[in-house]
Each structure stands twice: as C-alpha cells, then as structure tokens.
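*Asks:* Questions regarding the structure given below will be posed in turn.
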Amino acid sequence: ATLILNRPPVNSLSLEMCSDISSAIKQIEANKKVQAVVLTSSNPAILSAGLDLTELYNPDKERLPKFWESFQQLFLDLYGSRLAVIGAIEGHAPAAGCMLAMACDYRIMASSDGDGGGDKNKRGTIGLNEAQFGIAAPPWLGQLMIRTIGFRKGEEALTLGTLFSPEDALSIGLVDKLVEGDAVVDASYEVARTFTKIPPQARFASKMLARKEFLDDLVENRDTDTAHFCNFILNDTVQLGLGAYLEKLKRK
C-alpha cells in the first residue's frame with residue numbers, strides 16, 4: 001500500500017492532518033492482506049515541514065491539548081503499526097517530519113534532486129531542528145532520536161537543532177539508504193517487498209521487542225506529556241520566539 005501526504009504546500013501537521021494520517025494507517029491495517037506501506041509525499045521537495053506552527057503561536061487554549069494528543073496518537077499509530085512502514089524521503093524532513101521518518105521501519109532518502117547532478121543545494125535535509133525556532137522536542141521524540149543515532153550525536157543534534165544532509169544522515173543511521181531522487185519511491189517498494197517476505201507475526205513480534213517499552217511509556221504518561229507541552233508552549237518567551245520565527249519565514 002501507499003500512504004501519500006497531501007496537505008499543500010508543505011504537509012504541515014495540524015490537528016486534522018495528524019488525525020487523517022492516523023485514520024489512513026488504521027484503514028490500511030484493516031486489510032489483512034496488506035503487510036507493508038510506503039509513506040511518501042505528493043510534494044517531492046518535502047515529506048513534511050513538521051508541526052503546523054499556527055497551532056502553537058497564540059493558540060486556542062482548548063484546542064492546543066487536543067492538537068498535541070492527535071500528534072501523540074499519530075506517533076503511536078505509526079511507530080506501533082503492525083505494517084512494515086517504509087519512509088520514502090524525496091526531499092526535506094525537518095522537525096515532526098523527521099518524527100514521521102524515524103517512526104518508520106526503514107528510511108530511504110534522495111541523495112540529490114533526481115537530476116543526477118548532485119547539486120548539494122537541492123538536496124533534502126532531515127533532523128529535529130525545533131531548538132532553532134525556540135522550542136524543544138518532547139521527551140519521547142528526543143529519546144527516539146538518541147536511540148536512532150546514539151547518545152552523544154543525538155544530544156548534540158537536539159541542542160543545536162541540526163539538520164543533516166542525506167550523506168550525513170546515512171553515516172549516523174538516521175536513514176538507511178540513499179538513492180537518486182527519482183528512484184526513492186521505487187526503491188521503497190522494493191524494500192517493502194523484502195519486509196513482506198518475513199512471516200508477519202514474527203516480523204511484528206520482533207518489531208515490538210524493540211518498540212513496545214517506549215510505546216507503553218508514552219501511553220502511560222500521555223496526560224503528563226500533554227500538560228508539560230501546553231505549559232511550555234504558552235510560556236511568554238516561547239511565544240515571542242515562535243512569533244519571531246514565523247516573521248522570519250514570511251520574509252523568505
């Protein structure tokens with residue numbers, strides 16, 4: 001199966017977008033004949049720009065916790081899916097876009113824009129860059145980064161809000177394979193077929209050996225995580241930082 005993100009211009013994650021992706025995952029899982037899904041974007045320049053910052057800046061205080069719960073649920077549904085999820089990253093995957101990628105079972109990223117020229121300026125980047133716009137990744141997401149790329153590199157990347165080039169991402173294990181841009185989706189289907197050759201019960205049980213502890217921890221601490229997030233976002237200094245970052249984006 002294929003799950004294509006399509007919320008122009010950059011697939012930012014609003015409450016509704018998170019809920020729609022979760023619903024799509026559940027719909028695909030309901031077909032017991034399907035054992036793998038390729039997660040990709042209708043816009044090859046970007047998988048997702050991350051959280052919709054309009055949900056965070058001057059937020060509706062009643063909507064804000066609902067938004068965060070939808071983001072938590074999206075992570076739980078994707079990271080804990082019975083499906084083998086293959087991330088096809090043709091462009092950028094910053095912040096929560098990187099979460100989508102890390103929640104997959106396997107990540108393939110474009111090494112260039114697909115023209116074979118290897119123009120580094122046209123290559124995508126990936127990472128948790130929340131620190132650059134004045135917020136921090138939630139503990140469960142920061143810890144996922146640390147588990148993925150290692151403690152010291154993860155600590156540094158979270159602190160600096162580092163966005164990695166495809167080559168650097170491959171070298172630290174943030175992605176699993178690089179191909180030319182126009183080959184990302186086809187390569188993802190090929191990997192998906194490899195995953196489906198493993199008996200599904202054995203594959204999913206093995207996946208949960210590595211992931212269940214962290215899924216259960218988030219489920220157990222969801223209310224605390226939501227309260228911490230809302231208190232952090234509503235801080236005056238954080239709001240000023242978000243406002244300044246949004247103004248900077250408007251000037252680009």
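As shown in the structure tokens, the chain order sets the letters A, B, ...; within each chain, residues go from 1, and ligands are also counted from 1 in the order they appear.
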I'd like the neighbourhood of Leu218 of chain A as a list in words, where a residue qualifies if any of its atoms comes within 9 Å (using only C-alpha atoms), though same-chain residues fewer than 5 positions away should be ignored.
*Replies:*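 Contacts, in chain order: Gln72, Leu76, Trp140, Glu213 and Asp225 of chain A.
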*Asks:* Could those selected residues go to a file with N, CA and C atoms, as a compact mmCIF listing (two decimals), in the first residue's frame?
*Replies:*
# COMPACT_ATOMS: atom_id res chain seq x y z
N GLN A 72 0.55 12.92 19.42
CA GLN A 72 0.94 11.72 20.16
C GLN A 72 0.35 10.47 19.51
N LEU A 76 2.04 7.05 17.98
CA LEU A 76 1.71 5.71 18.47
C LEU A 76 1.23 4.81 17.34
N TRP A 140 9.74 11.96 24.51
CA TRP A 140 9.63 10.70 23.77
C TRP A 140 10.20 10.81 22.36
N GLU A 213 8.21 -1.12 24.80
CA GLU A 213 8.53 -0.41 26.05
C GLU A 213 8.29 1.08 25.91
N ASP A 225 2.61 14.40 29.65
CA ASP A 225 3.29 14.92 28.47
C ASP A 225 2.51 16.08 27.86
*Asks:* What's around Pro9 of chain A at 10 Å? Count only C-alpha atoms, leave out sequence neighbours fewer than 4 positions away in its own chain, and write the answer as an NGL selection string.
*Replies:* :A and (42-43 or 46 or 48-49)
*Asks:* Which residues of segment 111-198 of chain A come within 6 Å of segment 90-95 of chain A, and for each one, what is the closest pair of atoms and their distance in Å to one decimal, counting only C-alpha atoms, sorted by chain and residue number, as a tab-separated table?
*Replies:*
residue	atom	partner	partner_atom	distance
A:Gly124	CA	A:His92	CA	4.2
A:Thr125	CA	A:His92	CA	4.8
A:Ile126	CA	A:Ala93	CA	4.6
A:Gly127	CA	A:Pro94	CA	5.1
A:Leu128	CA	A:Ala95	CA	4.2
A:Asn129	CA	A:Ala95	CA	5.4
A:Glu130	CA	A:Ala95	CA	5.9
A:Gly181	CA	A:Glu90	CA	5.7
*Asks:* Can you spit out the residues from that selection as a PDB file, in the first residue's frame, using C-alpha atoms?
*Replies:*
ATOM      1  CA  GLY A 124      16.919  17.481   1.276  1.00  0.00           C
ATOM      2  CA  THR A 125      17.801  17.678   4.946  1.00  0.00           C
ATOM      3  CA  ILE A 126      16.486  15.764   7.942  1.00  0.00           C
ATOM      4  CA  GLY A 127      16.599  16.270  11.693  1.00  0.00           C
ATOM      5  CA  LEU A 128      14.867  17.576  14.801  1.00  0.00           C
ATOM      6  CA  ASN A 129      15.520  21.304  14.434  1.00  0.00           C
ATOM      7  CA  GLU A 130      12.964  22.516  16.997  1.00  0.00           C
ATOM      8  CA  GLY A 181      15.686  11.357  -6.130  1.00  0.00           C
TER       9      GLY A 181
END
*Asks:* Can you pull out the residues contacting Leu5 of chain A? Cut-off 9 Å, using only C-alpha atoms, and skip same-chain residues under 5 positions away; I want them as a ChimeraX atom specification.
*Replies:* /A:11,17,21,39-43,47-48
*Asks:* Rounded to one decimal, what separation in Å do you get between atom CA of Leu249 of chain A and atom CA of Leu234 of chain A?
*Replies:*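 These atoms are spaced 20.8 Å apart.
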*Asks:* Tell me, which residues of segment 4-249 of chain A carry DSSP strand (DSSP E), written as a PyMOL selection string?
*Replies:* chain A and resi 4-5+36-41+84-89+93-94+106-110+126-127+177-179
*Asks:* Pick out the closest residue to Lys197 of chain A from this set: A:Ala84, A:Asn235, A:Val219, A:Arg7. Count only C-alpha atoms.
*Replies:*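 Of A:Ala84, A:Asn235, A:Val219, A:Arg7, the one nearest Lys197 of chain A, counting only C-alpha atoms, is A:Ala84.
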*Asks:* Do you know which residues are at most 12 Å from Leu78 of chain A counting only C-alpha atoms, after dropping those on the same chain fewer than 6 positions away, and could you put them as a VMD selection string?
*Replies:* chain A and resid 3 18 to 19 21 to 26 28 to 29 36 to 39 71 to 72 84 to 87 99 to 105 211 215
*Asks:* Output N, CA, C and O atoms of each residue in that selection to a file, as a compact mmCIF listing (two decimals), in the first residue's frame.
*Replies:*
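The file below, part-v9.txt, is the result:
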# COMPACT_ATOMS: atom_id res chain seq x y z
N LEU A 3 0.81 5.40 1.32
CA LEU A 3 0.18 6.49 2.06
C LEU A 3 0.88 7.78 1.63
O LEU A 3 2.06 7.99 1.93
N CYS A 18 -2.93 15.31 11.46
CA CYS A 18 -2.50 14.18 12.29
C CYS A 18 -3.60 13.13 12.37
O CYS A 18 -3.35 11.92 12.22
N SER A 19 -4.82 13.59 12.60
CA SER A 19 -5.94 12.65 12.71
C SER A 19 -6.18 11.91 11.41
O SER A 19 -6.48 10.71 11.41
N ILE A 21 -3.96 11.18 9.04
CA ILE A 21 -2.91 10.18 8.82
C ILE A 21 -3.15 8.96 9.70
O ILE A 21 -3.03 7.82 9.25
N SER A 22 -3.52 9.20 10.97
CA SER A 22 -3.83 8.08 11.86
C SER A 22 -4.97 7.24 11.28
O SER A 22 -4.91 6.00 11.29
N SER A 23 -6.00 7.91 10.78
CA SER A 23 -7.14 7.19 10.20
C SER A 23 -6.72 6.38 8.98
O SER A 23 -7.16 5.23 8.80
N ALA A 24 -5.84 6.97 8.16
CA ALA A 24 -5.37 6.25 6.97
C ALA A 24 -4.59 5.00 7.35
O ALA A 24 -4.74 3.94 6.72
N ILE A 25 -3.75 5.11 8.39
CA ILE A 25 -2.99 3.94 8.85
C ILE A 25 -3.95 2.83 9.28
O ILE A 25 -3.78 1.66 8.92
N LYS A 26 -4.97 3.21 10.04
CA LYS A 26 -5.92 2.21 10.53
C LYS A 26 -6.70 1.58 9.38
O LYS A 26 -7.00 0.37 9.41
N ILE A 28 -5.64 1.13 6.31
CA ILE A 28 -4.74 0.20 5.62
C ILE A 28 -4.55 -1.06 6.44
O ILE A 28 -4.58 -2.18 5.92
N GLU A 29 -4.38 -0.91 7.76
CA GLU A 29 -4.20 -2.07 8.63
C GLU A 29 -5.43 -2.99 8.63
O GLU A 29 -5.30 -4.20 8.85
N ALA A 36 2.61 -4.15 4.26
CA ALA A 36 3.59 -3.06 4.22
C ALA A 36 2.96 -1.84 3.58
O ALA A 36 2.03 -1.94 2.78
N VAL A 37 3.48 -0.68 3.95
CA VAL A 37 3.02 0.58 3.36
C VAL A 37 4.22 1.49 3.14
O VAL A 37 5.14 1.54 3.97
N VAL A 38 4.23 2.17 2.02
CA VAL A 38 5.25 3.17 1.72
C VAL A 38 4.67 4.54 2.06
O VAL A 38 3.61 4.93 1.55
N LEU A 39 5.33 5.26 2.95
CA LEU A 39 4.92 6.61 3.34
C LEU A 39 5.70 7.61 2.50
O LEU A 39 6.93 7.64 2.54
N PHE A 71 -1.14 14.49 17.81
CA PHE A 71 0.25 14.25 17.40
C PHE A 71 0.81 13.03 18.12
O PHE A 71 1.47 12.17 17.51
N GLN A 72 0.55 12.92 19.42
CA GLN A 72 0.94 11.72 20.16
C GLN A 72 0.35 10.47 19.51
O GLN A 72 1.04 9.46 19.33
N ALA A 84 4.83 -3.08 8.01
CA ALA A 84 6.19 -2.61 7.77
C ALA A 84 6.07 -1.27 7.04
O ALA A 84 5.54 -1.21 5.93
N VAL A 85 6.50 -0.20 7.69
CA VAL A 85 6.35 1.14 7.13
C VAL A 85 7.69 1.59 6.56
O VAL A 85 8.68 1.68 7.29
N ILE A 86 7.70 1.88 5.28
CA ILE A 86 8.92 2.31 4.60
C ILE A 86 8.80 3.79 4.28
O ILE A 86 7.88 4.21 3.57
N GLY A 87 9.70 4.59 4.80
CA GLY A 87 9.68 6.03 4.57
C GLY A 87 10.42 6.37 3.28
O GLY A 87 11.60 6.09 3.14
N MET A 99 10.17 13.06 12.70
CA MET A 99 9.46 12.07 13.52
C MET A 99 8.78 11.04 12.64
O MET A 99 8.88 9.83 12.90
N LEU A 100 8.09 11.50 11.59
CA LEU A 100 7.42 10.58 10.69
C LEU A 100 8.42 9.58 10.12
O LEU A 100 8.14 8.38 10.03
N ALA A 101 9.58 10.08 9.74
CA ALA A 101 10.61 9.21 9.17
C ALA A 101 11.15 8.22 10.20
O ALA A 101 11.26 7.02 9.93
N MET A 102 11.48 8.71 11.40
CA MET A 102 12.05 7.83 12.42
C MET A 102 11.07 6.78 12.91
O MET A 102 11.48 5.71 13.37
N ALA A 103 9.77 7.06 12.79
CA ALA A 103 8.77 6.09 13.21
C ALA A 103 8.62 4.95 12.21
O ALA A 103 7.98 3.93 12.52
N CYS A 104 9.19 5.10 11.03
CA CYS A 104 9.13 4.04 10.02
C CYS A 104 10.07 2.89 10.38
O CYS A 104 10.96 3.02 11.21
N ASP A 105 9.88 1.77 9.70
CA ASP A 105 10.75 0.61 9.89
C ASP A 105 12.04 0.73 9.08
O ASP A 105 13.06 0.13 9.42
N ARG A 211 10.25 -1.87 20.39
CA ARG A 211 9.46 -0.64 20.48
C ARG A 211 8.41 -0.62 21.58
O ARG A 211 8.00 0.47 22.01
N LEU A 215 6.46 2.66 23.49
CA LEU A 215 5.05 2.92 23.22
C LEU A 215 4.25 2.91 24.52
O LEU A 215 3.44 3.82 24.77
*Asks:* Identify all residues of segment 52-238 of chain A in alpha helix (DSSP H) (DSSP on the backbone) and supply them as a ChimeraX atom specification.
*Replies:* /A:63-79,96-102,139-149,151-160,166-172,184-196,200-220,222-233,236-238
